[in-house]
Each structure stands twice: as structure tokens, then as C-alpha cells.
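J.: Sharing input.txt below, compact mmCIF, C-alpha atoms and all ligand atoms:
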```txt
# COMPACT_ATOMS: atom_id res chain seq x y z
CA MET A 1 113.58 71.64 96.56
CA SER A 2 110.47 73.58 95.50
CA ASP A 3 110.64 77.24 94.57
CA ILE A 4 109.98 79.84 97.24
CA HIS A 5 108.00 82.84 96.00
CA ARG A 6 108.46 85.95 98.10
CA ALA A 7 107.47 89.65 98.34
CA SER A 8 107.99 92.33 100.99
CA THR A 9 106.38 95.65 101.86
CA THR A 10 105.96 98.12 104.70
CA ALA A 11 102.85 99.90 105.98
CA PRO A 12 102.72 102.80 108.44
CA VAL A 13 100.53 103.35 111.50
CA ASN A 14 97.64 105.80 111.17
CA ILE A 15 96.07 107.78 114.01
CA ALA A 16 92.44 108.82 113.59
CA VAL A 17 91.30 112.38 114.10
CA ILE A 18 87.66 111.35 113.49
CA LYS A 19 87.29 108.01 115.22
CA TYR A 20 85.82 104.77 113.94
CA TRP A 21 83.78 103.35 116.80
CA GLY A 22 80.88 100.99 116.08
CA LYS A 23 80.27 98.16 113.60
CA ARG A 24 77.05 97.81 111.65
CA ASP A 25 78.33 94.42 110.44
CA PRO A 26 80.92 92.82 112.74
CA LYS A 27 81.71 90.02 110.31
CA LEU A 28 82.66 92.33 107.42
CA ASN A 29 83.94 95.09 109.76
CA LEU A 30 81.48 97.60 108.31
CA PRO A 31 81.44 100.78 110.42
CA THR A 32 78.52 102.80 111.75
CA ASN A 33 80.32 106.02 110.74
CA SER A 34 83.00 107.27 108.39
CA SER A 35 86.39 108.18 109.90
CA LEU A 36 89.53 110.12 109.01
CA SER A 37 93.17 109.73 110.01
CA VAL A 38 96.69 110.94 109.45
CA THR A 39 99.13 108.27 108.29
CA LEU A 40 102.48 108.60 110.04
CA SER A 41 105.56 108.61 107.84
CA GLN A 42 107.20 105.30 106.98
CA SER A 43 110.30 106.17 108.97
CA ASP A 44 108.21 106.49 112.11
CA LEU A 45 105.94 103.65 113.20
CA ARG A 46 105.64 100.91 110.63
CA THR A 47 105.31 97.20 110.06
CA HIS A 48 107.63 95.44 107.63
CA THR A 49 106.15 92.24 106.22
CA THR A 50 107.44 89.49 103.96
CA ALA A 51 104.93 87.07 102.49
CA SER A 52 106.12 83.86 100.89
CA CYS A 53 104.61 80.64 99.66
CA SER A 54 106.10 77.32 98.65
CA ALA A 55 105.13 73.70 98.16
CA SER A 56 108.04 72.90 100.49
CA TYR A 57 106.35 74.63 103.46
CA SER A 58 104.42 72.65 106.03
CA LYS A 59 100.74 72.58 105.08
CA GLU A 60 99.45 75.25 107.46
CA ASP A 61 99.61 78.99 106.84
CA SER A 62 101.79 80.72 109.44
CA LEU A 63 102.46 84.21 110.77
CA LEU A 64 105.47 85.32 112.81
CA LEU A 65 105.29 88.77 114.47
CA ASN A 66 108.57 90.06 115.93
CA GLY A 67 109.76 86.45 116.03
CA ALA A 68 106.70 85.08 117.87
CA PRO A 69 104.21 82.71 116.16
CA GLN A 70 100.67 84.17 115.93
CA ASP A 71 97.32 82.44 115.61
CA VAL A 72 96.08 82.74 112.03
CA SER A 73 92.87 80.76 112.54
CA GLY A 74 90.81 83.85 113.52
CA ALA A 75 88.03 84.93 111.17
CA ARG A 76 89.72 88.28 110.40
CA THR A 77 93.03 86.87 109.20
CA GLN A 78 91.23 84.06 107.39
CA ALA A 79 89.02 86.57 105.55
CA CYS A 80 92.11 88.40 104.23
CA PHE A 81 93.80 85.15 103.14
CA ARG A 82 90.59 83.92 101.47
CA GLU A 83 89.94 87.13 99.51
CA LEU A 84 93.54 87.38 98.28
CA ARG A 85 93.65 83.70 97.30
CA ALA A 86 90.37 84.09 95.39
CA LEU A 87 91.86 86.97 93.37
CA ARG A 88 95.01 84.97 92.63
CA SER A 89 92.90 81.97 91.55
CA GLN A 90 91.05 84.18 89.08
CA LEU A 91 94.39 85.23 87.57
CA GLU A 92 95.58 81.62 87.40
CA ASP A 93 92.30 80.55 85.76
CA SER A 94 92.68 83.20 83.07
CA ASP A 95 96.36 82.52 82.39
CA ALA A 96 97.47 78.89 82.50
CA SER A 97 101.17 79.86 82.34
CA LEU A 98 101.07 81.38 85.84
CA PRO A 99 102.45 79.33 88.74
CA LYS A 100 99.72 77.93 90.97
CA LEU A 101 100.43 80.00 94.08
CA ALA A 102 96.90 80.27 95.49
CA ALA A 103 96.95 76.63 96.58
CA LEU A 104 100.29 76.87 98.41
CA PRO A 105 100.74 77.46 102.16
CA LEU A 106 101.61 81.04 103.10
CA LYS A 107 104.37 82.08 105.46
CA ILE A 108 104.11 85.67 106.73
CA VAL A 109 106.95 87.28 108.68
CA SER A 110 106.27 90.72 110.20
CA GLU A 111 108.41 93.08 112.24
CA ASN A 112 107.26 96.31 113.89
CA ASN A 113 109.90 99.03 114.30
CA PHE A 114 108.29 99.96 117.62
CA PRO A 115 107.44 97.87 120.67
CA THR A 116 104.17 96.02 119.90
CA ALA A 117 103.48 95.87 123.62
CA ALA A 118 103.56 99.67 123.85
CA GLY A 119 99.83 99.81 123.22
CA LEU A 120 100.27 101.81 120.03
CA ALA A 121 97.95 101.21 117.09
CA SER A 122 99.74 98.23 115.60
CA SER A 123 96.89 96.23 114.04
CA ALA A 124 96.29 98.91 111.40
CA ALA A 125 99.85 98.80 110.08
CA GLY A 126 99.94 95.02 110.59
CA PHE A 127 96.93 94.13 108.46
CA ALA A 128 97.73 96.76 105.82
CA ALA A 129 101.24 95.32 105.40
CA LEU A 130 99.98 91.73 105.43
CA VAL A 131 97.42 92.39 102.69
CA ARG A 132 99.81 94.36 100.47
CA ALA A 133 102.64 91.84 100.90
CA ILE A 134 100.38 88.96 99.79
CA ALA A 135 98.94 91.06 96.94
CA ASN A 136 102.53 91.73 95.76
CA LEU A 137 103.43 88.05 96.14
CA TYR A 138 100.39 87.10 94.03
CA LYS A 139 101.10 89.95 91.55
CA LEU A 140 97.50 91.13 91.85
CA PRO A 141 96.63 94.18 89.78
CA SER A 142 94.82 95.67 92.80
CA SER A 143 94.64 99.38 93.59
CA PRO A 144 95.09 100.74 97.15
CA THR A 145 91.28 101.12 97.19
CA ASP A 146 90.81 97.41 96.39
CA LEU A 147 93.36 96.45 99.04
CA SER A 148 91.70 98.74 101.59
CA ARG A 149 88.47 96.76 101.11
CA ILE A 150 90.34 93.57 102.02
CA ALA A 151 92.47 95.03 104.86
CA ARG A 152 89.29 96.46 106.42
CA GLN A 153 88.19 92.89 107.09
CA GLY A 154 91.38 92.26 109.08
CA SER A 155 91.10 95.38 111.24
CA GLY A 156 88.79 98.26 110.36
CA SER A 157 91.38 100.97 110.84
CA ALA A 158 93.87 99.02 108.66
CA CYS A 159 92.07 100.15 105.50
CA ARG A 160 93.34 103.70 106.12
CA SER A 161 97.00 102.59 106.28
CA LEU A 162 96.95 101.66 102.56
CA PHE A 163 97.19 105.37 101.75
CA GLY A 164 99.69 107.98 102.92
CA GLY A 165 98.89 111.48 104.13
CA TYR A 166 95.34 112.42 105.16
CA VAL A 167 92.99 109.51 104.68
CA GLY A 168 89.25 108.98 104.98
CA TRP A 169 87.32 105.75 105.31
CA GLU A 170 83.89 106.00 103.72
CA GLN A 171 81.42 103.94 105.74
CA GLY A 172 79.50 103.01 102.59
CA SER A 173 75.96 101.63 102.44
CA ALA A 174 76.23 98.34 100.52
CA SER A 175 75.54 95.27 102.67
CA ASP A 176 78.44 93.38 101.08
CA GLY A 177 80.91 96.12 102.05
CA SER A 178 81.91 96.82 98.45
CA ASP A 179 81.76 100.61 98.98
CA SER A 180 83.30 100.69 102.48
CA VAL A 181 86.80 101.72 101.40
CA ALA A 182 89.56 104.18 102.22
CA PHE A 183 90.31 107.26 100.11
CA GLN A 184 93.04 109.87 100.18
CA VAL A 185 91.86 113.30 101.29
CA ALA A 186 95.29 114.84 100.57
CA PRO A 187 98.84 113.52 100.23
CA ALA A 188 101.33 114.22 103.05
CA SER A 189 103.06 116.75 100.74
CA HIS A 190 99.91 118.92 100.78
CA TRP A 191 100.52 119.81 104.46
CA PRO A 192 104.02 118.53 105.20
CA SER A 193 104.55 120.44 108.44
CA MET A 194 102.12 118.22 110.38
CA ARG A 195 103.85 116.48 113.30
CA ALA A 196 102.74 114.07 116.00
CA VAL A 197 104.20 113.36 119.38
CA ILE A 198 103.15 110.11 121.02
CA LEU A 199 103.08 110.00 124.80
CA VAL A 200 103.30 106.45 125.99
CA VAL A 201 101.38 106.65 129.22
CA SER A 202 101.11 102.91 129.65
CA ALA A 203 102.71 100.03 127.81
CA ALA A 204 100.04 97.61 129.08
CA LYS A 205 97.69 95.96 126.61
CA LYS A 206 94.28 97.64 126.49
CA GLY A 207 91.72 96.35 128.96
CA VAL A 208 88.70 96.16 126.64
CA SER A 209 89.40 95.20 123.02
CA SER A 210 88.08 97.59 120.38
CA THR A 211 85.73 94.92 118.98
CA THR A 212 84.14 94.16 122.37
CA GLY A 213 84.08 97.85 123.29
CA MET A 214 82.36 98.87 120.06
CA GLN A 215 79.71 96.18 120.35
CA THR A 216 78.84 97.17 123.92
CA THR A 217 78.78 100.88 123.06
CA VAL A 218 76.46 100.35 120.07
CA ALA A 219 74.16 98.20 122.22
CA THR A 220 73.95 100.42 125.31
CA SER A 221 75.12 104.03 124.85
CA THR A 222 72.39 106.64 124.56
CA LEU A 223 74.87 109.16 123.12
CA PHE A 224 76.04 106.82 120.38
CA ALA A 225 73.18 107.26 117.88
CA SER A 226 73.54 111.03 117.56
CA ARG A 227 77.34 110.73 117.34
CA ALA A 228 77.08 108.31 114.42
CA SER A 229 74.22 109.97 112.54
CA GLU A 230 74.80 113.70 113.15
CA THR A 231 78.06 114.64 114.85
CA VAL A 232 80.51 112.57 112.82
CA PRO A 233 79.03 113.30 109.36
CA ARG A 234 79.28 117.04 110.10
CA ARG A 235 82.83 116.73 111.45
CA MET A 236 83.96 114.63 108.46
CA GLN A 237 83.11 117.61 106.26
CA GLU A 238 84.68 120.17 108.63
CA MET A 239 87.85 118.09 108.90
CA GLN A 240 88.21 117.64 105.13
CA ASN A 241 87.79 121.40 104.65
CA ALA A 242 90.34 122.12 107.41
CA ILE A 243 92.87 119.83 105.71
CA GLN A 244 92.25 121.34 102.27
CA ASN A 245 92.68 124.85 103.75
CA LYS A 246 95.61 123.86 106.02
CA ASP A 247 93.59 125.36 108.86
CA PHE A 248 95.22 123.95 112.03
CA GLU A 249 92.83 125.71 114.42
CA THR A 250 89.85 123.85 112.97
CA PHE A 251 91.85 120.64 112.47
CA GLY A 252 92.92 120.75 116.12
CA LYS A 253 89.56 121.71 117.56
CA VAL A 254 87.66 119.03 115.66
CA THR A 255 90.34 116.42 116.52
CA MET A 256 90.06 117.13 120.25
CA MET A 257 86.26 117.34 120.23
CA ASP A 258 85.96 114.08 118.34
CA SER A 259 88.30 112.28 120.73
CA ASN A 260 86.23 113.63 123.64
CA SER A 261 82.99 112.56 121.93
CA PHE A 262 84.30 109.03 121.34
CA HIS A 263 85.46 108.69 124.98
CA ALA A 264 82.14 110.13 126.16
CA THR A 265 80.30 107.29 124.38
CA CYS A 266 82.71 104.87 126.09
CA LEU A 267 81.84 106.30 129.49
CA ASP A 268 78.15 106.18 128.49
CA THR A 269 78.50 102.48 127.66
CA TYR A 270 77.06 100.09 130.24
CA PRO A 271 79.11 98.81 131.97
CA PRO A 272 81.30 101.86 131.35
CA ILE A 273 84.61 101.64 129.48
CA PHE A 274 87.48 103.78 130.78
CA TYR A 275 90.33 104.11 128.32
CA LEU A 276 91.70 107.40 129.67
CA ASN A 277 93.47 107.51 133.03
CA ASP A 278 94.77 110.31 135.27
CA VAL A 279 97.94 110.68 133.20
CA SER A 280 95.86 110.96 130.00
CA ARG A 281 93.82 113.71 131.62
CA ALA A 282 97.05 115.45 132.73
CA ALA A 283 98.16 115.37 129.06
CA ILE A 284 94.88 117.04 128.06
CA LYS A 285 95.54 119.78 130.63
CA VAL A 286 99.07 120.33 129.29
CA VAL A 287 97.67 120.72 125.75
CA GLU A 288 95.06 123.16 127.04
CA SER A 289 97.74 125.20 128.79
CA ILE A 290 99.89 125.22 125.63
CA ASN A 291 96.94 126.53 123.61
CA ALA A 292 96.00 129.07 126.30
CA ALA A 293 99.58 130.42 126.35
CA ALA A 294 99.61 130.67 122.54
CA GLY A 295 96.18 132.30 122.46
CA ARG A 296 95.13 129.87 119.71
CA ILE A 297 95.10 126.15 119.02
CA ILE A 298 98.61 124.98 118.19
CA ALA A 299 98.37 121.48 119.76
CA ALA A 300 95.62 118.86 119.54
CA TYR A 301 95.36 115.66 121.58
CA THR A 302 93.61 112.48 120.59
CA PHE A 303 93.29 109.08 122.30
CA ASP A 304 92.43 105.70 120.82
CA ALA A 305 91.20 102.72 122.83
CA GLY A 306 93.87 103.22 125.50
CA PRO A 307 95.50 105.88 127.70
CA ASN A 308 98.35 106.92 125.35
CA ALA A 309 98.09 110.44 123.95
CA VAL A 310 98.90 111.45 120.39
CA VAL A 311 99.41 115.20 120.10
CA TYR A 312 99.33 116.78 116.66
CA TYR A 313 101.08 120.11 116.00
CA LEU A 314 102.83 121.96 113.18
CA GLU A 315 106.61 121.96 112.80
CA GLU A 316 106.77 125.71 113.44
CA ASN A 317 105.43 125.05 116.97
CA GLU A 318 107.86 122.23 117.77
CA LYS A 319 109.38 124.07 120.73
CA GLU A 320 106.08 125.08 122.31
CA VAL A 321 104.54 121.60 121.94
CA ALA A 322 106.98 118.66 121.74
CA GLY A 323 109.64 120.75 123.50
CA LEU A 324 107.36 121.43 126.44
CA PHE A 325 106.36 117.78 126.81
CA LYS A 326 110.03 116.81 126.78
CA THR A 327 110.84 119.37 129.45
CA LEU A 328 107.97 118.14 131.62
CA LEU A 329 108.99 114.52 131.26
CA GLY A 330 112.75 114.91 131.22
CA GLU A 331 114.91 113.19 128.62
CA LYS A 332 113.70 109.63 128.18
CA ASP A 333 114.96 106.86 126.01
CA GLY A 334 112.53 106.01 123.31
CA TRP A 335 111.80 105.77 119.69
CA LYS A 336 112.36 108.88 117.58
CA GLY A 337 110.97 109.38 114.11
CA GLU A 338 110.64 111.91 111.37
CA ARG A 339 106.97 112.83 111.67
CA GLY A 340 106.36 111.55 115.13
CA GLU A 341 108.21 111.04 118.31
CA LYS A 342 107.56 108.75 121.21
CA ILE A 343 108.00 110.19 124.65
CA GLU A 344 107.55 107.86 127.58
CA GLY A 345 106.89 109.00 131.05
CA ASN A 346 104.56 110.08 133.72
CA PHE A 347 103.90 113.75 134.14
CA ALA A 348 101.03 113.52 136.58
CA ALA A 349 103.20 115.63 138.89
CA ALA A 350 103.55 118.38 136.30
O1 LIG A 401 90.62 98.90 113.76
P1 LIG A 401 90.30 98.58 115.19
O2 LIG A 401 89.30 97.50 115.32
O3 LIG A 401 91.54 98.33 116.02
O4 LIG A 401 89.58 99.88 115.85
C1 LIG A 401 90.24 101.11 115.97
C2 LIG A 401 89.42 102.05 116.76
C3 LIG A 401 90.11 103.35 117.14
O5 LIG A 401 91.52 103.23 117.07
C4 LIG A 401 89.73 103.71 118.57
C5 LIG A 401 89.65 104.50 116.26
C6 LIG A 401 90.19 104.56 114.84
O6 LIG A 401 89.46 105.08 113.99
O7 LIG A 401 91.33 104.13 114.59
```
Before anything else, please render the file you have as C-alpha cells.
T.:
Amino acid sequence: MSDIHRASTTAPVNIAVIKYWGKRDPKLNLPTNSSLSVTLSQSDLRTHTTASCSASYSKEDSLLLNGAPQDVSGARTQACFRELRALRSQLEDSDASLPKLAALPLKIVSENNFPTAAGLASSAAGFAALVRAIANLYKLPSSPTDLSRIARQGSGSACRSLFGGYVGWEQGSASDGSDSVAFQVAPASHWPSMRAVILVVSAAKKGVSSTTGMQTTVATSTLFASRASETVPRRMQEMQNAIQNKDFETFGKVTMMDSNSFHATCLDTYPPIFYLNDVSRAAIKVVESINAAAGRIIAAYTFDAGPNAVVYYLEENEKEVAGLFKTLLGEKDGWKGERGEKIEGNFAAA
């Protein structure tokens, strides 16, 4: 029986407050603008991944997600495998005593601690965990920055899940993508009272994939160019300052305006892309009423490529924000976490 080499890791979900939308190079997943996100805590939404390799495995690489076999032949997954194997081969070439792992078939087993079908950002945590698990298996001396460069090729937003806390993704300018990497703006401990409540409006899979959506937006939206070249660069700076200063009013305002700007370019895409639905818009109204009652911004909504709302708030406003959503929706079963909470329901009637 041949040896089985194995390593495990976890990676959390991140939710962008300045959205990545548009690829200048679809093959390398190079973005048309920088982006910034908050990484949820590990106890909330995360992927746990074990990577192993052995000469005893059947020849093909394989990936099991929540017990179901996944297709690994896609260019994105293949790019991650190829890059990691190349780094391992370099190590093996420089040290003949190392076991020859790069040539062995890989078996990846991943589990999400939240329903994958819930339409929550799972590819970010998934690719970040996959890349780090294989890097650990291969004992690569790679930094989170190096791994972010590889995970980016699996799913753009995955590069940001290699860091905790408040994380930027620098679009970079090199055509080979060498400078398109994630960086930590601040650790979670810098502003530990940040909370997120996730409103699962629909558990259905998104109608238009982010890759297809981005390509169509870049090709047809008239609003897109100014978003990428003027609006986002300015907001990246404003957002980083807000985080450094723990200024929730600016953090919240820029988060909501950037979500609106991203969805405006979706609507301006031809044919138009509708990710928000009536329940999403009702969630926006609830956040607006919370802020109006407080007389300042204490809650901030943001939506990815789907109708589910993520609402950021500070712990001190738990009652006014998460408490109010719970009251509107009634007690629902669902996942509960330390820095985020999932609330399912429909509050269109609210
Ligand atoms: O990483 P992808 O290809 O799933 O794209 C993610 C795009 C958004 O979630 C809408 C925005 C973001 O920055 O995460």
C-alpha cells in the first residue's frame, strides 16, 4: 500500500463592500477594478478542505464537495492545480530527498458549514481553502499573498479569503497577473465589533453566473467605464480611510453606494441583468428606516450577484439592526455564527 500524504485547512467566506465586477483578462481572472471585502470569522461561513495525494489513488484528480463529486476539468480548477504542482516540482528539483508528490493524483474533499445551495458566496471560501490545503500538502513556503495570486485564478473573489479581517484586492497592471493580489487593510482585531447579518431571500442558484454577467456588462454597459476608472478608485481610498478610522458612517455609506453602483451597471447591461428582487428591495427599505430612526447610518446593506442581502452593523447596534430583522421575520431556523447570522424569510409584507 502506497503512502497517503494529507493536509487540511479552512477558509472563510468574504463579502465585498467595494465590488469586483469586470475582467480585463478572463483567463487569468484579472479585474477591471480593485475591490475590498470583510472576511467573516471562521466560526461563521467557511469551507473545510482536506487535500491528499497517493500513488494508490486512481489516476485522475478528484474533488468531492459536501459528498458530491465535482468536475475538476474546468480551466479555473486546472490553473490552480497546475500552479501548485509547478511550485512543488521546483522544490523537488532542488531537494532530491523530497517525496515526488507533484506527479501524484490529488484527492480534494471539501465541506461547507452552510448550505451550498443557499446562494451564499461559496466559491471564494472554496478556492481559498483548496489552494491553501494543497500548498500545505506540498509544504510550499508560500505567503498568503502568493496563494492569493493562485486562488484568484480559481475565482477572483477567492484571493481575498486568504486573509482575515478587512481585505483589499489590488487590480494590478502587469499582463501576467503577478501584481493582482490580495492585501490586508486591517486585521479583524482592529475593528472587532463589526457584525454581519445575512438575509437569505432565495436559496435558488443565481440566474446569470458572475463570469457571464461581468463579460456582458463590460461589453455593453455605458455606466461601466466611469465606475471602473473613477468611482471605484475613489471609493477604495474612502473605504480604507473609513476602516482605519473605524468610521462606520462612511463605511456604511460607501458600502451601500457601491452595491447600488454595481447593480446599476447590471441593469445598464444589455440584455439587463436583475440580481435584486422585490424582497431585496424591501430589505433596502428596512435598512433605510433603521438609519432614519437612528438619525445616522448604523446599518449598511450590500448584495452580490443574487438577491440575498448582507447587512453590516456594529455590535452596539445589534438590537436595532439584527434584532429588528428578526422581529420582522419571526424566529426562523437557520445557521447562527459569531460574526454573522443567517436569517431566512420573506418580509415583503413588512
Ligand atoms: O469571484 P466571482 O467570480 O464569484 O465574482 C464575485 C463577484 C461579486 O461577488 C459580485 C463581487 C465581489 O467582489 O465579491
J.: I need the residue nearest A:Arg152 from this list: A:Ala186, A:Leu65, A:Leu28, A:Ala129. Use all atoms listed in the file for the distance.
T.: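 Closest to A:Arg152 of all the choices is A:Leu28.
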J.: Give as a ChimeraX atom specification the residues surrounding ligand LIG 401 (chain A) up to a distance of 9 Å, considering all atoms listed in the file.
T.: /A:14-22,29,34-37,121-124,152,154-160,169,209-211,214,259,262,303-306
J.: Expressed in Å to a single decimal, how great is the separation between atom CA of A:Ala68 and atom CA of A:Ala7?
T.: 20.1 Å
J.: Determine, counting all atoms listed in the file, which protein, DNA and RNA residues have an atom within 12 Å of an atom of stretch 143-148 of chain A; residues of the same chain fewer than 3 positions away are not included. Present the result as JSON, numbers by chain.
T.: {"A": [11, 29, 80, 83, 84, 87, 124, 125, 127, 128, 129, 130, 131, 132, 133, 134, 135, 136, 139, 140, 151, 152, 153, 154, 155, 156, 157, 158, 159, 160, 161, 162, 163, 164, 167, 168, 169, 170, 177, 178, 179, 180, 181, 182, 183, 184]}
J.: Just the residues within 12 Å of stretch 242-247 of chain A, please, counting only C-alpha atoms, with nothing from its chain fewer than 4 positions along; format it as number ranges by chain.
T.: A: 17, 36-38, 165-168, 184-194, 235-238, 251-255, 296-298, 313-314
J.: Counting all atoms listed in the file, which residue out of A:Thr220, A:Thr77, A:Thr231, A:Ser54 sits closest to A:Lys100?
T.: A:Ser54
